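> What follows is protein-v5.cif, made up of mmCIF, N, CA and C atoms:
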data_structure
loop_
_atom_site.label_atom_id
_atom_site.label_comp_id
_atom_site.auth_asym_id
_atom_site.auth_seq_id
_atom_site.Cartn_x
_atom_site.Cartn_y
_atom_site.Cartn_z
N THR A 1 -8.93 -13.71 -9.47
CA THR A 1 -9.35 -15.00 -9.99
C THR A 1 -10.49 -14.83 -10.99
N ILE A 2 -11.45 -13.96 -10.67
CA ILE A 2 -12.58 -13.74 -11.57
C ILE A 2 -12.10 -13.13 -12.89
N ALA A 3 -11.22 -12.14 -12.82
CA ALA A 3 -10.77 -11.44 -14.02
C ALA A 3 -10.00 -12.34 -14.98
N PHE A 4 -9.27 -13.31 -14.46
CA PHE A 4 -8.41 -14.13 -15.32
C PHE A 4 -8.84 -15.58 -15.42
N ALA A 5 -10.06 -15.87 -15.00
CA ALA A 5 -10.57 -17.25 -15.09
C ALA A 5 -10.53 -17.72 -16.55
N GLY A 6 -10.03 -18.91 -16.74
CA GLY A 6 -9.96 -19.49 -18.08
C GLY A 6 -8.81 -19.00 -18.93
N SER A 7 -7.97 -18.13 -18.39
CA SER A 7 -6.82 -17.64 -19.16
C SER A 7 -5.56 -18.34 -18.65
N PRO A 8 -4.50 -18.31 -19.46
CA PRO A 8 -3.26 -18.94 -19.02
C PRO A 8 -2.45 -18.06 -18.06
N ILE A 9 -2.95 -16.88 -17.74
CA ILE A 9 -2.23 -15.96 -16.86
C ILE A 9 -2.32 -16.47 -15.42
N PRO A 10 -1.17 -16.69 -14.79
CA PRO A 10 -1.19 -17.19 -13.41
C PRO A 10 -1.68 -16.11 -12.44
N VAL A 11 -2.40 -16.53 -11.43
CA VAL A 11 -2.90 -15.62 -10.39
C VAL A 11 -2.27 -16.05 -9.07
N LEU A 12 -1.69 -15.09 -8.38
CA LEU A 12 -1.08 -15.33 -7.08
C LEU A 12 -1.75 -14.42 -6.07
N ALA A 13 -2.33 -14.98 -5.05
CA ALA A 13 -2.91 -14.18 -3.96
C ALA A 13 -1.87 -14.09 -2.85
N ASP A 14 -1.60 -12.89 -2.40
CA ASP A 14 -0.61 -12.69 -1.34
C ASP A 14 -1.19 -11.73 -0.31
N ARG A 15 -1.27 -12.18 0.92
CA ARG A 15 -1.88 -11.39 1.99
C ARG A 15 -1.13 -10.09 2.28
N ARG A 16 0.09 -9.99 1.85
CA ARG A 16 0.84 -8.76 2.10
C ARG A 16 0.29 -7.57 1.31
N LEU A 17 -0.55 -7.84 0.30
CA LEU A 17 -1.14 -6.76 -0.49
C LEU A 17 -2.46 -6.25 0.09
N ARG A 18 -2.83 -6.76 1.25
CA ARG A 18 -4.08 -6.30 1.85
C ARG A 18 -3.91 -4.87 2.36
N GLU A 19 -5.02 -4.26 2.71
CA GLU A 19 -5.02 -2.89 3.22
C GLU A 19 -4.40 -2.84 4.60
N CYS A 20 -4.08 -1.65 5.04
CA CYS A 20 -3.61 -1.43 6.40
C CYS A 20 -4.63 -2.04 7.35
N ASP A 21 -4.14 -2.67 8.40
CA ASP A 21 -5.03 -3.29 9.39
C ASP A 21 -5.47 -2.20 10.37
N TYR A 22 -6.74 -1.80 10.26
CA TYR A 22 -7.31 -0.76 11.11
C TYR A 22 -7.76 -1.30 12.46
N GLY A 23 -7.58 -2.58 12.70
CA GLY A 23 -7.89 -3.18 13.98
C GLY A 23 -9.33 -2.93 14.40
N ASP A 24 -9.49 -2.41 15.63
CA ASP A 24 -10.81 -2.15 16.18
C ASP A 24 -11.60 -1.13 15.36
N TRP A 25 -10.91 -0.35 14.55
CA TRP A 25 -11.58 0.71 13.80
C TRP A 25 -11.92 0.29 12.37
N HIS A 26 -11.78 -0.99 12.08
CA HIS A 26 -12.14 -1.49 10.75
C HIS A 26 -13.59 -1.11 10.45
N GLY A 27 -13.83 -0.57 9.28
CA GLY A 27 -15.18 -0.16 8.89
C GLY A 27 -15.56 1.24 9.35
N MET A 28 -14.59 1.99 9.88
CA MET A 28 -14.88 3.35 10.35
C MET A 28 -15.33 4.23 9.19
N PRO A 29 -16.06 5.30 9.47
CA PRO A 29 -16.44 6.25 8.42
C PRO A 29 -15.20 6.88 7.78
N GLN A 30 -15.27 7.19 6.51
CA GLN A 30 -14.15 7.77 5.76
C GLN A 30 -13.62 9.04 6.43
N ALA A 31 -14.51 9.87 6.95
CA ALA A 31 -14.08 11.12 7.59
C ALA A 31 -13.17 10.84 8.78
N ARG A 32 -13.47 9.82 9.55
CA ARG A 32 -12.63 9.48 10.70
C ARG A 32 -11.29 8.93 10.23
N LEU A 33 -11.30 8.12 9.19
CA LEU A 33 -10.05 7.60 8.62
C LEU A 33 -9.15 8.75 8.20
N GLU A 34 -9.71 9.69 7.48
CA GLU A 34 -8.93 10.84 7.01
C GLU A 34 -8.37 11.65 8.18
N ALA A 35 -9.17 11.85 9.21
CA ALA A 35 -8.74 12.63 10.37
C ALA A 35 -7.61 11.95 11.15
N GLU A 36 -7.58 10.64 11.14
CA GLU A 36 -6.61 9.87 11.93
C GLU A 36 -5.39 9.42 11.14
N ARG A 37 -5.46 9.48 9.83
CA ARG A 37 -4.44 8.85 8.98
C ARG A 37 -3.02 9.27 9.33
N LEU A 38 -2.76 10.56 9.45
CA LEU A 38 -1.39 11.02 9.71
C LEU A 38 -0.92 10.60 11.11
N ARG A 39 -1.83 10.63 12.07
CA ARG A 39 -1.47 10.20 13.43
C ARG A 39 -1.02 8.75 13.44
N ARG A 40 -1.55 7.95 12.52
CA ARG A 40 -1.26 6.52 12.49
C ARG A 40 -0.06 6.18 11.60
N LEU A 41 0.72 7.18 11.25
CA LEU A 41 1.94 6.95 10.49
C LEU A 41 2.84 5.96 11.22
N GLU A 42 3.11 6.21 12.50
CA GLU A 42 3.93 5.33 13.33
C GLU A 42 3.12 4.61 14.40
N GLU A 43 2.09 5.28 14.90
CA GLU A 43 1.26 4.71 15.96
C GLU A 43 0.22 3.78 15.35
N PRO A 44 0.23 2.52 15.73
CA PRO A 44 -0.75 1.59 15.13
C PRO A 44 -2.19 1.96 15.46
N TRP A 45 -3.08 1.61 14.56
CA TRP A 45 -4.50 1.70 14.84
C TRP A 45 -4.75 0.77 16.02
N PRO A 46 -5.74 1.06 16.88
CA PRO A 46 -6.00 0.19 18.03
C PRO A 46 -6.16 -1.28 17.62
N ARG A 47 -5.26 -2.12 18.13
CA ARG A 47 -5.19 -3.55 17.81
C ARG A 47 -5.01 -3.79 16.31
N GLY A 48 -4.33 -2.88 15.64
CA GLY A 48 -4.05 -2.99 14.21
C GLY A 48 -2.59 -2.70 13.94
N GLU A 49 -2.30 -2.08 12.81
CA GLU A 49 -0.92 -1.75 12.46
C GLU A 49 -0.81 -0.29 12.06
N SER A 50 0.40 0.23 12.03
CA SER A 50 0.65 1.60 11.59
C SER A 50 0.77 1.61 10.07
N TRP A 51 0.70 2.79 9.48
CA TRP A 51 0.91 2.90 8.03
C TRP A 51 2.34 2.48 7.68
N HIS A 52 3.28 2.85 8.53
CA HIS A 52 4.67 2.46 8.26
C HIS A 52 4.79 0.94 8.23
N GLY A 53 4.13 0.25 9.17
CA GLY A 53 4.16 -1.21 9.19
C GLY A 53 3.50 -1.82 7.96
N ALA A 54 2.37 -1.23 7.54
CA ALA A 54 1.66 -1.74 6.36
C ALA A 54 2.51 -1.58 5.10
N VAL A 55 3.16 -0.44 4.96
CA VAL A 55 4.00 -0.20 3.78
C VAL A 55 5.23 -1.11 3.80
N ALA A 56 5.82 -1.34 4.96
CA ALA A 56 6.96 -2.26 5.06
C ALA A 56 6.54 -3.67 4.65
N ARG A 57 5.34 -4.08 5.03
CA ARG A 57 4.82 -5.40 4.66
C ARG A 57 4.68 -5.52 3.14
N VAL A 58 4.10 -4.50 2.52
CA VAL A 58 3.94 -4.52 1.06
C VAL A 58 5.31 -4.45 0.39
N ASP A 59 6.21 -3.66 0.95
CA ASP A 59 7.54 -3.53 0.34
C ASP A 59 8.29 -4.86 0.37
N ALA A 60 8.09 -5.68 1.39
CA ALA A 60 8.71 -7.01 1.42
C ALA A 60 8.19 -7.85 0.25
N PHE A 61 6.91 -7.73 -0.04
CA PHE A 61 6.35 -8.42 -1.21
C PHE A 61 7.01 -7.89 -2.49
N LEU A 62 7.16 -6.57 -2.60
CA LEU A 62 7.76 -5.98 -3.80
C LEU A 62 9.21 -6.43 -3.99
N ASP A 63 9.94 -6.63 -2.88
CA ASP A 63 11.31 -7.16 -2.98
C ASP A 63 11.30 -8.52 -3.67
N GLU A 64 10.41 -9.39 -3.24
CA GLU A 64 10.32 -10.72 -3.85
C GLU A 64 9.88 -10.63 -5.29
N LEU A 65 8.91 -9.77 -5.55
CA LEU A 65 8.39 -9.62 -6.91
C LEU A 65 9.47 -9.14 -7.86
N SER A 66 10.21 -8.12 -7.46
CA SER A 66 11.24 -7.58 -8.36
C SER A 66 12.37 -8.57 -8.59
N GLY A 67 12.65 -9.42 -7.61
CA GLY A 67 13.68 -10.43 -7.79
C GLY A 67 13.24 -11.60 -8.64
N GLY A 68 12.00 -12.02 -8.48
CA GLY A 68 11.51 -13.21 -9.18
C GLY A 68 10.86 -12.95 -10.52
N HIS A 69 10.57 -11.69 -10.82
CA HIS A 69 9.88 -11.36 -12.07
C HIS A 69 10.54 -10.21 -12.80
N ALA A 70 11.85 -10.10 -12.69
CA ALA A 70 12.58 -9.01 -13.33
C ALA A 70 12.28 -8.97 -14.83
N GLY A 71 11.96 -7.79 -15.33
CA GLY A 71 11.69 -7.60 -16.75
C GLY A 71 10.29 -8.01 -17.19
N GLU A 72 9.48 -8.52 -16.28
CA GLU A 72 8.13 -8.96 -16.63
C GLU A 72 7.11 -7.88 -16.27
N ARG A 73 5.99 -7.90 -16.96
CA ARG A 73 4.87 -7.03 -16.61
C ARG A 73 3.94 -7.82 -15.70
N VAL A 74 3.60 -7.21 -14.56
CA VAL A 74 2.78 -7.86 -13.55
C VAL A 74 1.65 -6.92 -13.17
N LEU A 75 0.47 -7.45 -13.00
CA LEU A 75 -0.67 -6.68 -12.53
C LEU A 75 -0.83 -6.91 -11.04
N LEU A 76 -0.83 -5.83 -10.27
CA LEU A 76 -1.06 -5.92 -8.83
C LEU A 76 -2.43 -5.34 -8.53
N ILE A 77 -3.17 -6.02 -7.71
CA ILE A 77 -4.44 -5.50 -7.22
C ILE A 77 -4.29 -5.41 -5.72
N GLY A 78 -4.36 -4.21 -5.20
CA GLY A 78 -4.15 -3.99 -3.79
C GLY A 78 -5.01 -2.84 -3.29
N HIS A 79 -4.55 -2.23 -2.22
CA HIS A 79 -5.27 -1.14 -1.58
C HIS A 79 -4.33 0.04 -1.40
N MET A 80 -4.71 0.99 -0.56
CA MET A 80 -3.92 2.19 -0.36
C MET A 80 -2.51 1.87 0.11
N ALA A 81 -2.34 0.89 0.97
CA ALA A 81 -1.00 0.53 1.44
C ALA A 81 -0.13 0.07 0.28
N THR A 82 -0.72 -0.62 -0.69
CA THR A 82 0.02 -1.06 -1.87
C THR A 82 0.47 0.14 -2.69
N ARG A 83 -0.44 1.08 -2.91
CA ARG A 83 -0.09 2.29 -3.67
C ARG A 83 0.98 3.09 -2.94
N PHE A 84 0.84 3.25 -1.62
CA PHE A 84 1.85 3.99 -0.86
C PHE A 84 3.22 3.34 -1.01
N ALA A 85 3.28 2.02 -0.91
CA ALA A 85 4.57 1.32 -1.02
C ALA A 85 5.16 1.50 -2.41
N LEU A 86 4.33 1.39 -3.43
CA LEU A 86 4.82 1.56 -4.81
C LEU A 86 5.32 2.98 -5.05
N GLU A 87 4.58 3.97 -4.60
CA GLU A 87 4.99 5.37 -4.78
C GLU A 87 6.28 5.66 -4.01
N ALA A 88 6.36 5.19 -2.77
CA ALA A 88 7.56 5.42 -1.97
C ALA A 88 8.77 4.77 -2.63
N ARG A 89 8.58 3.57 -3.13
CA ARG A 89 9.68 2.80 -3.72
C ARG A 89 10.13 3.37 -5.06
N THR A 90 9.21 3.74 -5.91
CA THR A 90 9.58 4.14 -7.26
C THR A 90 9.82 5.63 -7.43
N ALA A 91 9.12 6.45 -6.64
CA ALA A 91 9.28 7.90 -6.77
C ALA A 91 10.05 8.51 -5.62
N GLY A 92 10.30 7.70 -4.57
CA GLY A 92 11.03 8.21 -3.42
C GLY A 92 10.22 9.17 -2.56
N THR A 93 8.91 9.17 -2.74
CA THR A 93 8.05 10.05 -1.96
C THR A 93 7.97 9.54 -0.52
N SER A 94 8.05 10.46 0.44
CA SER A 94 7.97 10.03 1.83
C SER A 94 6.56 9.55 2.14
N LEU A 95 6.46 8.65 3.08
CA LEU A 95 5.15 8.16 3.48
C LEU A 95 4.31 9.30 4.04
N ARG A 96 4.92 10.19 4.78
CA ARG A 96 4.20 11.37 5.30
C ARG A 96 3.62 12.18 4.14
N GLY A 97 4.41 12.41 3.12
CA GLY A 97 3.94 13.16 1.96
C GLY A 97 2.79 12.47 1.25
N LEU A 98 2.85 11.15 1.16
CA LEU A 98 1.78 10.39 0.52
C LEU A 98 0.48 10.46 1.33
N ILE A 99 0.62 10.40 2.65
CA ILE A 99 -0.56 10.46 3.51
C ILE A 99 -1.17 11.85 3.50
N GLU A 100 -0.33 12.88 3.46
CA GLU A 100 -0.84 14.25 3.48
C GLU A 100 -1.46 14.67 2.15
N ALA A 101 -1.03 14.06 1.06
CA ALA A 101 -1.54 14.45 -0.26
C ALA A 101 -2.98 13.98 -0.47
N PRO A 102 -3.78 14.79 -1.13
CA PRO A 102 -5.14 14.33 -1.43
C PRO A 102 -5.09 13.18 -2.43
N PHE A 103 -6.01 12.24 -2.28
CA PHE A 103 -6.06 11.09 -3.17
C PHE A 103 -6.65 11.51 -4.51
N SER A 104 -6.02 11.09 -5.57
CA SER A 104 -6.50 11.39 -6.91
C SER A 104 -6.43 10.10 -7.73
N TRP A 105 -7.58 9.56 -8.06
CA TRP A 105 -7.64 8.33 -8.84
C TRP A 105 -7.17 8.58 -10.26
N ARG A 106 -6.44 7.65 -10.81
CA ARG A 106 -6.11 7.68 -12.23
C ARG A 106 -6.08 6.25 -12.72
N PRO A 107 -6.70 5.96 -13.82
CA PRO A 107 -6.70 4.58 -14.32
C PRO A 107 -5.32 4.20 -14.84
N GLY A 108 -4.98 2.95 -14.66
CA GLY A 108 -3.75 2.41 -15.25
C GLY A 108 -2.47 2.91 -14.65
N TRP A 109 -2.36 2.96 -13.33
CA TRP A 109 -1.08 3.32 -12.72
C TRP A 109 -0.03 2.32 -13.17
N GLU A 110 1.13 2.80 -13.51
CA GLU A 110 2.21 1.92 -13.93
C GLU A 110 3.48 2.30 -13.19
N TYR A 111 4.16 1.28 -12.67
CA TYR A 111 5.39 1.48 -11.92
C TYR A 111 6.46 0.56 -12.46
N ARG A 112 7.69 1.00 -12.39
CA ARG A 112 8.83 0.16 -12.76
C ARG A 112 9.64 -0.08 -11.49
N LEU A 113 9.67 -1.35 -11.08
CA LEU A 113 10.36 -1.69 -9.83
C LEU A 113 11.84 -1.87 -10.04
N GLY A 114 12.57 -1.46 -9.07
CA GLY A 114 13.99 -1.70 -9.00
C GLY A 114 14.31 -1.99 -7.54
N PRO A 115 15.55 -1.85 -7.14
CA PRO A 115 15.89 -2.06 -5.74
C PRO A 115 15.13 -1.09 -4.85
N ALA A 116 14.86 -1.51 -3.64
CA ALA A 116 14.12 -0.68 -2.69
C ALA A 116 14.93 0.54 -2.32
N HIS A 117 14.26 1.68 -2.28
CA HIS A 117 14.85 2.89 -1.72
C HIS A 117 13.76 3.67 -0.99
N VAL A 118 12.99 2.95 -0.20
CA VAL A 118 11.89 3.57 0.53
C VAL A 118 12.47 4.60 1.50
N ASP A 119 11.92 5.79 1.43
CA ASP A 119 12.34 6.89 2.30
C ASP A 119 11.68 6.69 3.66
N ASN A 120 12.46 6.55 4.68
CA ASN A 120 11.90 6.32 6.00
C ASN A 120 11.50 7.61 6.71
N GLU A 121 11.57 8.76 5.98
CA GLU A 121 11.14 10.01 6.58
C GLU A 121 9.70 9.88 7.04
N ARG A 122 9.43 10.31 8.22
CA ARG A 122 8.10 10.18 8.77
C ARG A 122 7.43 11.50 8.73
#
Show me this structure written as structure tokens.


Amino acid sequence: TIAFAGSPIPVLADRRLRECDYGDWHGMPQARLEAERLRRLEEPWPRGESWHGAVARVDAFLDELSGGHAGERVLLIGHMATRFALEARTAGTSLRGLIEAPFSWRPGWEYRLGPAHVDNER
């Protein structure tokens, strides 16, 4: 909303783009997050969700987006779960592979959406 205030560009807030729900561990130190991340691929964070669940939630949003905005350029602002879903969907990378890979920031990530082909390999 802040970035596009006063512009004709529509802004849509969708809760499915939020980060993985870490439940009781929300706000944990980064080192603990990194140590637990792979374990939480299928096993939910205490009173939270698993990475697989978070990516499935974002992927449902991407299904709607690709159907309703085919051929359009859209800016998504999300978190790690959003990036994991986009990478899995567009590059076919397994969620396990995404979690195991070191994070490397790059400005201007661009993805071209098509039909879902998320690899369910864990």

> What lies within 7 Å of Thr82 (chain A) using only C-alpha atoms, ignoring chain neighbours under 3 positions off, as a short mmCIF file (atom, residue, chain, number, x, y, z; two decimals) with N, CA and C atoms, in the coordinates of the input?


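out_9.cif was written with the following content:
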data_model
loop_
_atom_site.label_atom_id
_atom_site.label_comp_id
_atom_site.auth_asym_id
_atom_site.auth_seq_id
_atom_site.Cartn_x
_atom_site.Cartn_y
_atom_site.Cartn_z
N LEU A 17 -0.55 -7.84 0.30
CA LEU A 17 -1.14 -6.76 -0.49
C LEU A 17 -2.46 -6.25 0.09
N VAL A 55 3.16 -0.44 4.96
CA VAL A 55 4.00 -0.20 3.78
C VAL A 55 5.23 -1.11 3.80
N VAL A 58 4.10 -4.50 2.52
CA VAL A 58 3.94 -4.52 1.06
C VAL A 58 5.31 -4.45 0.39
N GLY A 78 -4.36 -4.21 -5.20
CA GLY A 78 -4.15 -3.99 -3.79
C GLY A 78 -5.01 -2.84 -3.29
N HIS A 79 -4.55 -2.23 -2.22
CA HIS A 79 -5.27 -1.14 -1.58
C HIS A 79 -4.33 0.04 -1.40
N ALA A 85 3.28 2.02 -0.91
CA ALA A 85 4.57 1.32 -1.02
C ALA A 85 5.16 1.50 -2.41
N LEU A 86 4.33 1.39 -3.43
CA LEU A 86 4.82 1.56 -4.81
C LEU A 86 5.32 2.98 -5.05
#

> Please enumerate the residues selected by the PyMOL selection byres (((chain A and resi 52 and name CA) around 12) and name CA) when evaluated against the supplied file, formatted as number ranges by chain.

A: 20-21, 37-45, 48-51, 53-59, 81-82, 84-85, 88, 94-96, 98-99, 118-122

> Taking only N, CA and C atoms into account, name the residue in A:Gly23, A:Arg16, A:Arg106, A:Pro46 that is nearest to Ala60 (chain A).

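Result for the nearest residue to Ala60 (chain A): A:Arg16.
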
> In Å to one decimal, how far is atom N of Ala91 (chain A) from atom N of Gly67 (chain A)?

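Atom-to-atom, atom N of Gly67 (chain A) to atom N of Ala91 (chain A), that is 16.3 Å.
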
> Give the alpha helix (DSSP H) residues of chain A, as assigned by DSSP on the backbone, as a VMD selection string.

chain A and resid 30 to 36 51 to 68 80 to 91 95 to 100

> Evaluate the PyMOL selection byres ((chain A and resi 111) around 8) on the structure here and hand back the selected residues as a PyMOL selection string.

chain A and resi 86-87+90+108-110+112-114

> Quick check, in Å to one decimal: how far apart do atom C of Gly71 (chain A) and atom C of Ser104 (chain A) lie?

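According to the coordinates, atom C of Gly71 (chain A) and atom C of Ser104 (chain A) are separated by 26.4 Å.
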
> Using Å and a single decimal, report how far CA of Glu100 (chain A) sits from CA of Glu36 (chain A).

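Those two atoms sit 11.1 Å apart.
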